$ cat final.csv   # CSV, C-alpha atoms
chain,number,residue,atom,x,y,z
A,8,MET,CA,-66.1,-11.5,-112.6
A,9,SER,CA,-64.8,-12.1,-109.1
A,10,VAL,CA,-65.9,-14.8,-106.8
A,11,THR,CA,-65.7,-14.2,-103.0
A,12,VAL,CA,-64.7,-17.3,-101.0
A,13,PRO,CA,-65.9,-17.5,-97.4
A,14,ALA,CA,-63.1,-17.3,-94.8
A,15,SER,CA,-64.2,-20.6,-93.3
A,16,ARG,CA,-63.6,-22.4,-96.6
A,17,ASN,CA,-60.3,-20.7,-97.4
A,18,PRO,CA,-57.4,-23.2,-97.1
A,19,PHE,CA,-54.9,-20.5,-96.1
A,20,PHE,CA,-57.2,-19.6,-93.2
A,21,PHE,CA,-57.2,-23.1,-91.9
A,22,PHE,CA,-53.4,-23.3,-92.2
A,23,PHE,CA,-52.9,-20.0,-90.4
A,24,PHE,CA,-55.4,-21.1,-87.6
A,25,PHE,CA,-53.8,-24.5,-86.9
A,26,SER,CA,-50.3,-22.9,-87.0
A,27,LEU,CA,-51.4,-20.4,-84.4
A,28,VAL,CA,-52.9,-23.0,-82.2
A,29,SER,CA,-49.9,-25.3,-82.3
A,30,GLU,CA,-47.5,-22.4,-81.5
A,31,SER,CA,-49.7,-21.5,-78.5
A,32,ILE,CA,-49.6,-25.0,-77.2
A,33,SER,CA,-45.8,-25.2,-77.6
A,34,LEU,CA,-45.4,-21.9,-75.8
A,35,PHE,CA,-47.7,-23.1,-73.0
A,36,VAL,CA,-45.7,-26.3,-72.6
A,37,LEU,CA,-42.4,-24.4,-72.6
A,38,THR,CA,-43.7,-22.0,-70.0
A,39,ALA,CA,-44.8,-24.8,-67.8
A,40,LYS,CA,-41.4,-26.5,-68.0
A,41,CYS,CA,-39.6,-23.2,-67.1
A,42,CYS,CA,-41.8,-22.7,-64.1
A,43,GLU,CA,-41.1,-26.3,-63.0
A,44,ASN,CA,-37.4,-25.9,-63.4
A,45,LEU,CA,-37.5,-22.5,-61.5
A,46,PHE,CA,-39.5,-24.0,-58.7
A,47,SER,CA,-37.1,-27.0,-58.3
A,48,SER,CA,-34.0,-24.8,-58.4
A,49,THR,CA,-35.6,-22.5,-55.8
A,50,MET,CA,-36.3,-25.4,-53.5
A,51,SER,CA,-32.8,-26.9,-53.9
A,52,ASN,CA,-31.3,-23.5,-53.1
A,53,SER,CA,-33.4,-23.1,-50.0
A,54,HIS,CA,-32.2,-26.5,-48.8
A,55,ASP,CA,-28.6,-25.6,-49.6
A,56,GLN,CA,-28.9,-22.3,-47.6
A,57,GLN,CA,-30.1,-24.1,-44.5
A,58,PRO,CA,-27.2,-24.7,-42.1
A,59,GLN,CA,-26.1,-28.3,-42.0
A,60,ARG,CA,-25.8,-29.9,-38.6
A,61,SER,CA,-22.5,-31.1,-37.3
A,62,LYS,CA,-21.5,-34.4,-38.7
A,63,PRO,CA,-21.3,-37.4,-36.4
A,64,PHE,CA,-17.9,-37.4,-34.7
A,65,ARG,CA,-15.8,-40.0,-32.9
A,66,PRO,CA,-14.9,-38.9,-29.4
A,67,THR,CA,-11.5,-40.4,-29.8
A,68,LYS,CA,-10.7,-38.8,-33.3
A,69,PRO,CA,-9.8,-35.2,-34.2
A,70,LEU,CA,-12.7,-33.2,-35.6
A,71,GLU,CA,-12.0,-30.5,-38.3
A,72,ILE,CA,-14.3,-27.5,-37.7
A,73,ASP,CA,-13.8,-25.6,-40.9
A,74,ASN,CA,-11.6,-26.2,-44.0
A,75,SER,CA,-10.8,-22.5,-44.6
A,76,SER,CA,-9.8,-21.8,-40.9
A,77,GLY,CA,-7.6,-24.9,-40.4
A,78,LEU,CA,-8.9,-25.3,-36.9
A,79,THR,CA,-9.2,-28.8,-35.4
A,80,LEU,CA,-10.7,-30.1,-32.2
A,81,VAL,CA,-8.4,-32.6,-30.6
A,82,PRO,CA,-9.8,-35.1,-28.1
A,83,ARG,CA,-8.1,-35.6,-24.8
A,84,VAL,CA,-8.7,-36.4,-21.1
A,85,LYS,CA,-7.7,-33.6,-18.8
A,86,LEU,CA,-7.5,-33.9,-15.1
A,87,THR,CA,-6.6,-31.3,-12.4
A,88,LEU,CA,-4.2,-32.4,-9.7
A,89,THR,CA,-4.0,-30.9,-6.2
A,90,ILE,CA,-1.2,-32.0,-3.9
A,91,PHE,CA,-1.4,-31.8,-0.1
A,92,PRO,CA,1.3,-32.6,2.4
A,93,LEU,CA,0.6,-35.3,5.1
A,94,ALA,CA,3.4,-33.9,7.3
A,95,ALA,CA,2.8,-30.9,9.6
A,96,THR,CA,5.6,-28.8,8.0
A,97,VAL,CA,7.1,-28.9,4.5
A,98,THR,CA,10.1,-26.8,3.7
A,99,SER,CA,10.5,-27.7,0.0
A,100,VAL,CA,8.9,-29.5,-2.9
A,101,ASP,CA,10.8,-30.8,-5.9
A,102,GLU,CA,8.6,-30.4,-8.9
A,103,TRP,CA,10.7,-32.7,-11.1
A,104,LYS,CA,10.7,-35.5,-8.6
A,105,MET,CA,6.9,-35.1,-8.1
A,106,LYS,CA,6.4,-35.3,-11.8
A,107,ARG,CA,8.5,-38.4,-12.2
A,108,ALA,CA,6.7,-40.1,-9.3
A,109,LEU,CA,3.3,-39.5,-11.0
A,110,ILE,CA,4.6,-40.7,-14.4
A,111,ASP,CA,6.0,-43.9,-12.9
A,112,TYR,CA,2.7,-44.5,-11.0
A,113,LEU,CA,0.6,-44.1,-14.2
A,114,HIS,CA,2.9,-46.4,-16.2
A,115,SER,CA,3.1,-49.2,-13.6
A,116,THR,CA,-0.5,-49.1,-12.3
A,117,HIS,CA,-2.6,-48.0,-15.3
A,118,SER,CA,-0.3,-48.9,-18.2
A,119,LEU,CA,-0.3,-45.3,-19.5
A,120,THR,CA,2.8,-43.8,-21.1
A,121,ILE,CA,2.7,-40.1,-20.4
A,122,PRO,CA,5.4,-37.7,-21.8
A,123,GLU,CA,6.8,-35.1,-19.5
A,124,ASP,CA,5.3,-32.3,-21.5
A,125,ASP,CA,1.8,-33.6,-20.9
A,126,LEU,CA,2.1,-33.4,-17.1
A,127,ASP,CA,2.5,-30.0,-15.4
A,128,VAL,CA,3.3,-29.6,-11.7
A,129,LYS,CA,3.8,-26.2,-10.1
A,130,ARG,CA,4.5,-25.7,-6.4
A,131,VAL,CA,3.3,-22.8,-4.3
A,132,ARG,CA,5.5,-19.8,-4.7
A,133,ASP,CA,6.0,-19.2,-0.9
A,134,LEU,CA,5.6,-22.3,1.2
A,135,LYS,CA,6.2,-20.3,4.5
A,136,LYS,CA,3.1,-18.2,4.0
A,137,ARG,CA,1.0,-21.2,3.2
A,138,LYS,CA,-1.7,-22.3,5.7
A,139,ARG,CA,-1.7,-25.8,7.0
A,140,GLU,CA,-4.8,-26.9,5.1
A,141,GLU,CA,-3.7,-25.4,1.8
A,142,PRO,CA,-1.9,-27.4,-0.9
A,143,VAL,CA,1.8,-27.3,-1.7
A,144,ALA,CA,1.5,-27.8,-5.4
A,145,SER,CA,-1.0,-28.2,-8.2
A,146,GLY,CA,-0.9,-29.6,-11.7
A,147,THR,CA,-2.6,-30.7,-14.9
A,148,LEU,CA,-2.6,-34.1,-16.6
A,149,ARG,CA,-3.5,-34.5,-20.3
A,150,ILE,CA,-3.9,-37.8,-22.0
A,151,TRP,CA,-4.1,-37.5,-25.8
A,152,ASP,CA,-3.9,-41.1,-27.0
A,153,LEU,CA,-7.4,-42.5,-26.6
A,154,GLY,CA,-7.3,-45.1,-29.3
A,155,PHE,CA,-7.3,-48.0,-26.9
A,156,ILE,CA,-10.9,-47.0,-25.9
A,157,ASP,CA,-12.3,-46.9,-29.4
A,158,ARG,CA,-13.4,-50.0,-31.4
A,159,GLU,CA,-13.6,-50.0,-35.1
A,160,ASP,CA,-16.6,-52.3,-35.2
A,161,GLU,CA,-18.8,-49.8,-33.3
A,162,GLU,CA,-20.4,-47.1,-35.5
A,163,GLU,CA,-22.6,-45.4,-32.9
A,164,GLU,CA,-20.8,-42.4,-31.4
A,165,GLY,CA,-22.8,-42.5,-28.3
A,166,VAL,CA,-21.4,-45.9,-27.3
A,167,VAL,CA,-17.8,-44.8,-27.6
A,168,GLU,CA,-18.5,-41.4,-25.9
A,169,LYS,CA,-20.0,-43.2,-22.9
A,170,ARG,CA,-17.1,-45.5,-22.7
A,171,VAL,CA,-14.7,-42.5,-22.6
A,172,TRP,CA,-16.6,-41.0,-19.8
A,173,GLU,CA,-16.7,-44.2,-17.8
A,174,TRP,CA,-13.0,-44.8,-18.3
A,175,ARG,CA,-12.2,-41.2,-17.2
A,176,LYS,CA,-14.4,-41.6,-14.1
A,177,SER,CA,-12.7,-44.8,-13.2
A,178,LEU,CA,-9.3,-43.3,-13.6
A,179,VAL,CA,-10.2,-40.4,-11.3
A,180,GLU,CA,-11.6,-42.7,-8.6
A,181,LYS,CA,-8.4,-44.8,-8.7
A,182,MET,CA,-6.0,-41.8,-8.6
A,183,ASN,CA,-7.9,-39.7,-6.1
A,184,GLY,CA,-6.6,-40.0,-2.6
A,185,ILE,CA,-3.3,-41.9,-3.3
A,186,GLU,CA,-0.2,-41.2,-1.3
A,187,LEU,CA,3.1,-40.2,-2.9
A,188,ASN,CA,6.4,-40.8,-0.9
A,189,LEU,CA,9.3,-38.5,-2.0
A,190,GLU,CA,12.4,-39.3,0.1
A,191,GLY,CA,10.4,-39.9,3.3
A,192,VAL,CA,8.0,-37.0,2.8
A,193,LYS,CA,4.4,-38.1,2.1
A,194,PHE,CA,1.9,-36.3,0.0
A,195,LYS,CA,-1.8,-36.8,-0.8
A,196,LEU,CA,-3.2,-36.4,-4.3
A,197,ASP,CA,-6.6,-35.0,-5.1
A,198,VAL,CA,-7.8,-35.5,-8.7
A,199,ALA,CA,-10.9,-34.0,-10.4
A,200,VAL,CA,-12.3,-33.4,-13.9
A,201,PRO,CA,-12.5,-29.7,-14.9
A,202,VAL,CA,-16.0,-28.3,-14.9
A,203,SER,CA,-15.8,-27.3,-18.6
A,204,ASP,CA,-14.9,-30.9,-19.6
A,205,ASP,CA,-17.8,-32.5,-17.8
A,206,PHE,CA,-20.7,-32.3,-20.4
A,207,GLU,CA,-23.1,-34.3,-18.3
A,208,GLY,CA,-22.5,-32.1,-15.3
A,209,ILE,CA,-23.0,-28.9,-17.4
A,210,LYS,CA,-26.2,-30.3,-18.8
A,211,LYS,CA,-27.5,-31.2,-15.4
A,212,ASP,CA,-26.7,-27.7,-14.2
A,213,TRP,CA,-28.7,-25.9,-16.8
A,214,GLU,CA,-31.6,-28.3,-16.4
A,215,GLU,CA,-31.8,-27.6,-12.7
A,216,PHE,CA,-31.4,-23.9,-13.3
A,217,PHE,CA,-34.3,-23.6,-15.7
A,218,ALA,CA,-36.5,-26.0,-13.8
A,219,PHE,CA,-36.7,-24.2,-10.5
A,220,ASP,CA,-36.1,-20.6,-9.4
A,221,ALA,CA,-34.3,-19.4,-6.3
A,222,ARG,CA,-37.4,-20.1,-4.1
A,223,GLY,CA,-37.9,-23.6,-5.4
A,224,TYR,CA,-40.9,-22.9,-7.7
A,225,TYR,CA,-41.2,-24.7,-11.0
A,226,ARG,CA,-40.4,-22.3,-13.9
A,227,GLY,CA,-41.6,-24.4,-16.7
A,228,LYS,CA,-39.7,-25.8,-19.7
A,229,ARG,CA,-36.9,-23.5,-20.8
A,230,GLU,CA,-33.7,-24.2,-22.7
A,231,PRO,CA,-30.4,-22.4,-23.0
A,232,ASP,CA,-29.0,-21.3,-26.4
A,233,THR,CA,-25.8,-19.4,-25.8
A,234,ILE,CA,-22.2,-20.8,-25.4
A,235,ILE,CA,-19.3,-18.9,-23.8
A,236,LEU,CA,-15.8,-19.8,-24.9
A,237,ARG,CA,-12.8,-18.3,-23.1
A,238,GLY,CA,-9.0,-18.7,-23.5
A,239,VAL,CA,-8.7,-19.3,-27.2
A,240,PRO,CA,-5.8,-17.5,-29.1
A,241,SER,CA,-7.0,-14.3,-30.7
A,242,ARG,CA,-4.8,-14.7,-33.8
A,243,TRP,CA,-6.6,-18.0,-34.7
A,244,PHE,CA,-9.8,-16.1,-35.2
A,245,ALA,CA,-8.3,-13.1,-37.0
A,246,GLU,CA,-8.2,-12.2,-40.7
A,247,PRO,CA,-4.8,-13.4,-42.1
A,248,ARG,CA,-2.4,-10.7,-43.1
A,249,VAL,CA,-4.9,-8.0,-42.0
A,250,SER,CA,-4.9,-7.9,-38.2
A,251,SER,CA,-4.0,-10.0,-35.1
A,252,LYS,CA,-7.3,-9.1,-33.4
A,253,PRO,CA,-10.2,-11.6,-33.6
A,254,SER,CA,-12.6,-10.9,-36.5
A,255,MET,CA,-16.3,-11.1,-36.2
A,256,LEU,CA,-16.6,-12.4,-39.8
A,257,VAL,CA,-14.1,-15.2,-39.3
A,258,THR,CA,-15.6,-16.2,-36.0
A,259,HIS,CA,-19.1,-16.3,-37.5
A,260,THR,CA,-17.9,-18.5,-40.4
A,261,ILE,CA,-16.2,-21.0,-38.0
A,262,PHE,CA,-19.2,-21.4,-35.6
A,263,SER,CA,-21.7,-21.5,-38.4
A,264,THR,CA,-20.7,-25.1,-39.0
A,265,PHE,CA,-22.5,-26.0,-35.7
A,266,GLY,CA,-25.8,-24.3,-36.7
A,267,LYS,CA,-27.5,-21.0,-37.5
A,268,ILE,CA,-26.3,-18.1,-35.3
A,269,ARG,CA,-28.6,-15.5,-33.8
A,270,ASN,CA,-26.1,-13.3,-32.0
A,271,LEU,CA,-22.3,-13.2,-31.8
A,272,ASN,CA,-19.8,-11.3,-29.6
A,273,VAL,CA,-16.0,-11.4,-29.8
A,274,ALA,CA,-13.7,-9.5,-27.4
A,275,GLU,CA,-10.3,-9.6,-25.9
A,276,ASP,CA,-10.1,-11.8,-22.8
A,277,ASP,CA,-7.5,-10.7,-20.2
A,278,ASP,CA,-9.0,-12.8,-17.4
A,279,PRO,CA,-6.6,-15.7,-16.7
A,280,GLY,CA,-9.5,-18.0,-15.9
A,281,LYS,CA,-10.0,-20.7,-13.2
A,282,ASP,CA,-7.2,-23.0,-14.3
A,283,ALA,CA,-4.5,-20.4,-14.9
A,284,ASN,CA,-1.8,-19.5,-12.4
A,285,GLU,CA,-2.4,-15.9,-11.5
A,286,GLU,CA,1.1,-15.7,-9.9
A,287,SER,CA,3.0,-16.6,-13.0
A,288,GLY,CA,2.7,-13.2,-14.7
A,289,ASP,CA,2.8,-14.8,-18.2
A,290,LEU,CA,-0.5,-13.3,-19.3
A,291,VAL,CA,-0.2,-10.8,-22.2
A,292,SER,CA,-3.1,-8.4,-22.9
A,293,GLY,CA,-4.9,-9.3,-26.2
A,294,LEU,CA,-3.4,-12.7,-26.5
A,295,TYR,CA,-6.6,-14.5,-25.9
A,296,CYS,CA,-10.2,-13.8,-26.7
A,297,LYS,CA,-13.7,-14.4,-25.4
A,298,ILE,CA,-16.4,-15.6,-27.7
A,299,VAL,CA,-20.1,-15.6,-27.0
A,300,VAL,CA,-22.3,-17.5,-29.5
A,301,GLN,CA,-26.1,-17.6,-29.4
A,302,PHE,CA,-27.8,-20.2,-31.6
A,303,GLU,CA,-31.3,-20.0,-33.0
A,304,LYS,CA,-32.1,-23.6,-32.0
A,305,TYR,CA,-31.5,-25.5,-28.8
A,306,ARG,CA,-30.3,-28.6,-30.7
A,307,ASP,CA,-27.5,-26.7,-32.3
A,308,PHE,CA,-26.4,-25.3,-29.0
A,309,HIS,CA,-26.6,-28.8,-27.4
A,310,ASP,CA,-24.5,-30.4,-30.1
A,311,ALA,CA,-21.9,-27.6,-30.2
A,312,LEU,CA,-21.4,-27.7,-26.5
A,313,ARG,CA,-21.1,-31.5,-26.5
A,314,VAL,CA,-18.4,-31.4,-29.2
A,315,LEU,CA,-16.4,-28.6,-27.5
A,316,CYS,CA,-16.3,-30.3,-24.1
A,317,GLY,CA,-13.3,-32.5,-23.5
A,318,ARG,CA,-11.3,-31.2,-26.4
A,319,SER,CA,-8.4,-28.8,-27.2
A,320,LEU,CA,-8.1,-26.4,-30.2
A,321,GLN,CA,-5.2,-26.8,-32.6
A,322,LYS,CA,-4.3,-24.7,-35.7
A,323,GLN,CA,-3.0,-26.2,-38.9
A,324,GLY,CA,0.8,-25.7,-39.0
A,325,SER,CA,1.0,-25.1,-35.3
A,326,ARG,CA,2.1,-27.5,-32.5
A,327,LEU,CA,0.2,-25.5,-29.9
A,328,LYS,CA,-2.9,-27.2,-28.5
A,329,ALA,CA,-4.9,-24.5,-26.7
A,330,ASP,CA,-7.0,-25.4,-23.7
A,331,TYR,CA,-10.1,-23.3,-23.4
A,332,GLU,CA,-13.0,-23.0,-21.0
A,333,VAL,CA,-16.5,-23.6,-22.3
A,334,SER,CA,-19.7,-22.9,-20.5
A,335,TRP,CA,-23.3,-21.9,-21.1
A,336,ASP,CA,-24.7,-18.4,-20.5
A,337,ARG,CA,-26.9,-18.3,-17.4
A,338,ASP,CA,-26.8,-14.4,-17.0
A,339,GLY,CA,-28.3,-13.4,-20.3
A,340,PHE,CA,-25.3,-11.8,-21.9
A,341,PHE,CA,-27.1,-10.4,-25.0
A,342,ARG,CA,-30.1,-9.3,-23.0
A,343,ASN,CA,-27.9,-7.4,-20.5
A,344,THR,CA,-26.0,-5.9,-23.4
A,345,ARG,CA,-29.1,-4.5,-24.9
A,346,ASN,CA,-30.2,-3.1,-21.6
A,347,GLN,CA,-26.8,-1.4,-21.1
A,348,THR,CA,-27.1,0.2,-24.6
A,349,GLN,CA,-30.6,1.5,-23.7
A,350,GLU,CA,-29.3,3.0,-20.5
A,351,LYS,CA,-26.5,4.7,-22.3
A,352,THR,CA,-29.0,6.1,-24.8
A,353,ASN,CA,-31.1,7.4,-21.9
A,354,ARG,CA,-28.1,9.1,-20.3
A,355,VAL,CA,-27.3,10.9,-23.5
A,356,SER,CA,-30.9,12.1,-24.0
A,357,THR,CA,-31.3,13.2,-20.3
A,358,PRO,CA,-28.8,16.2,-20.5
A,359,ALA,CA,-30.5,17.4,-23.6
A,360,ALA,CA,-33.9,17.3,-22.0
A,361,ASP,CA,-32.5,19.2,-19.0
A,362,HIS,CA,-31.0,21.8,-21.3
A,363,TYR,CA,-34.4,22.4,-22.9
A,364,LYS,CA,-36.0,22.6,-19.5
A,365,SER,CA,-33.5,25.2,-18.3
A,366,GLU,CA,-34.0,27.3,-21.4
A,367,ALA,CA,-37.8,27.4,-21.1
A,368,PRO,CA,-38.0,29.9,-18.2
A,369,ARG,CA,-35.7,32.2,-20.1
A,370,ARG,CA,-38.0,32.3,-23.0
A,371,HIS,CA,-41.0,33.1,-20.8
A,372,ALA,CA,-39.1,35.6,-18.6
A,373,PRO,CA,-40.2,38.7,-20.6
A,374,TYR,CA,-43.8,37.8,-20.2
A,375,ALA,CA,-43.4,37.3,-16.5
A,376,ARG,CA,-42.3,40.9,-16.0
A,377,HIS,CA,-45.6,42.2,-17.3
A,378,SER,CA,-47.8,40.0,-15.3
A,379,PRO,CA,-50.3,41.7,-12.9
A,380,GLU,CA,-48.5,40.5,-9.8
A,381,ASN,CA,-45.2,42.2,-10.8
A,382,VAL,CA,-46.6,45.6,-11.9
A,383,ARG,CA,-44.5,48.5,-10.6
A,384,PRO,CA,-46.3,51.2,-8.6
A,385,ARG,CA,-47.0,54.5,-10.3
A,386,ARG,CA,-44.9,57.5,-9.4
A,387,PHE,CA,-47.6,60.1,-10.0
A,388,ARG,CA,-50.9,60.5,-8.3
A,389,ARG,CA,-53.9,59.9,-10.5
A,390,THR,CA,-56.1,63.0,-10.9
A,391,THR,CA,-59.8,62.8,-11.0
$ encode --input "final.csv" --output "structure tokens"
Amino acid sequence: MSVTVPASRNPFFFFFFFSLVSESISLFVLTAKCCENLFSSTMSNSHDQQPQRSKPFRPTKPLEIDNSSGLTLVPRVKLTLTIFPLAATVTSVDEWKMKRALIDYLHSTHSLTIPEDDLDVKRVRDLKKRKREEPVASGTLRIWDLGFIDREDEEEEGVVEKRVWEWRKSLVEKMNGIELNLEGVKFKLDVAVPVSDDFEGIKKDWEEFFAFDARGYYRGKREPDTIILRGVPSRWFAEPRVSSKPSMLVTHTIFSTFGKIRNLNVAEDDDPGKDANEESGDLVSGLYCKIVVQFEKYRDFHDALRVLCGRSLQKQGSRLKADYEVSWDRDGFFRNTRNQTQEKTNRVSTPAADHYKSEAPRRHAPYARHSPENVRPRRFRRTT
């Protein structure tokens, strides 16, 4: 005789039911933890992928741009010198004596010890062809040691940066207009800060440019985003042991340290620039390159231009300190490039369209011969 036990009173049923429920709860808890870990890792990766802003820098200390490239921005004060004669006629100018006179003046008056390599003086090639109001020589002064301006107890970089600008401005005012006497011949010295070194002047320039148009009307708030860098050695932005020409990938890696890049253009720069001596003939094609960088945010553009102003570029293992020209793009480089590409495309498509137009009458020519207007007269008379 068999006895049937209901499923609700079977102990194996309760054991199986509670086991299934416990496993479901454990699986749910495990899934929730996995989702939480996945979400946290995704958020951390998204934060890591965002470009980091440039670290606070000391205006008197070198700044390493990128560890892999070995490029460093070296601070310095650069001044352009223009020398005019006070006499009506000048037959000769001794560059070495002029340099020694300037070095002695800086040491005795401003307590600055300047090596001879940091002061360049070049006279005009042909003094006889020079006009009376033109200079007889020009030069460049570079001051690399700026430690006396910095103070260790100041942590704000803006305070030190402002002090550097004020000291440079004071030095220019004291040197500008002085007279140099070389063996009875007097000269007048004009001193100025290069345009690409004056960040405040560059910023004022773009603010005025975007504020008003050529007719003086207010344009509204607009901000630049593109930096133009000229005169940097091409081999420093090239792929090692691959080519001596600048690489787009290497350049993008270097300038990405300042912010996220929207557009980038790298090309050879054979223009000697404003500060170069065109008569020297030392320019070699392909030796320097021109870099145009467009950032996605104005703040990254602003910080990058601020860091690049008033500095020279140096490569690890090289004694060369390259002076470059930095400016902002007022002509819309990438916008014009796109327009030129579109114009080239239109020029290519126009001959093809003309070809098809010229072929069209040929295709319809047979039909035109049988039109009523071109019917030939009959030879035979029609009979009725």
$ residues_around --input "final.csv" --residues "A:Arg242" --least-positions-apart "2" --cutoff "10 Å" --atoms "only C-alpha atoms" --output "PyMOL selection string"
chain A and resi 239-240+244-247+250-254+293-296
$ atom_distance --input "final.csv" --atom1 "atom CA of A:Phe155" --atom2 "atom CA of A:Leu109"
20.9 Å
$ atom_distance --input "final.csv" --atom1 "atom CA of A:Val192" --atom2 "atom CA of A:Ile90"
12.4 Å
$ residues_near_point --input "final.csv" --point "(8.2, -35.3, 2.3)" --cutoff "8 Å" --atoms "only C-alpha atoms" --output "list in words"
Pro92, Ala94, Val97, Val100, Asn188, Leu189, Glu190, Gly191, Val192, Lys193 and Phe194 of chain A
$ write_last_selection --input "final.csv" --atoms "C-alpha atoms" --output "PDB file, in the frame of the given file"
ATOM      1  CA  PRO A  92       1.300 -32.600   2.400  1.00  0.00           C
ATOM      2  CA  ALA A  94       3.400 -33.900   7.300  1.00  0.00           C
ATOM      3  CA  VAL A  97       7.100 -28.900   4.500  1.00  0.00           C
ATOM      4  CA  VAL A 100       8.900 -29.500  -2.900  1.00  0.00           C
ATOM      5  CA  ASN A 188       6.400 -40.800  -0.900  1.00  0.00           C
ATOM      6  CA  LEU A 189       9.300 -38.500  -2.000  1.00  0.00           C
ATOM      7  CA  GLU A 190      12.400 -39.300   0.100  1.00  0.00           C
ATOM      8  CA  GLY A 191      10.400 -39.900   3.300  1.00  0.00           C
ATOM      9  CA  VAL A 192       8.000 -37.000   2.800  1.00  0.00           C
ATOM     10  CA  LYS A 193       4.400 -38.100   2.100  1.00  0.00           C
ATOM     11  CA  PHE A 194       1.900 -36.300   0.000  1.00  0.00           C
TER      12      PHE A 194
END
$ residues_near_point --input "final.csv" --point "(-9.4, -21.0, -35.7)" --cutoff "9 Å" --atoms "all atoms listed in the file" --output "MDAnalysis selection string"
chainID A and resid 72:73 76:79 239:245 257:258 261 320:323
$ atom_distance --input "final.csv" --atom1 "atom CA of A:Cys316" --atom2 "atom CA of A:Phe341"
22.7 Å
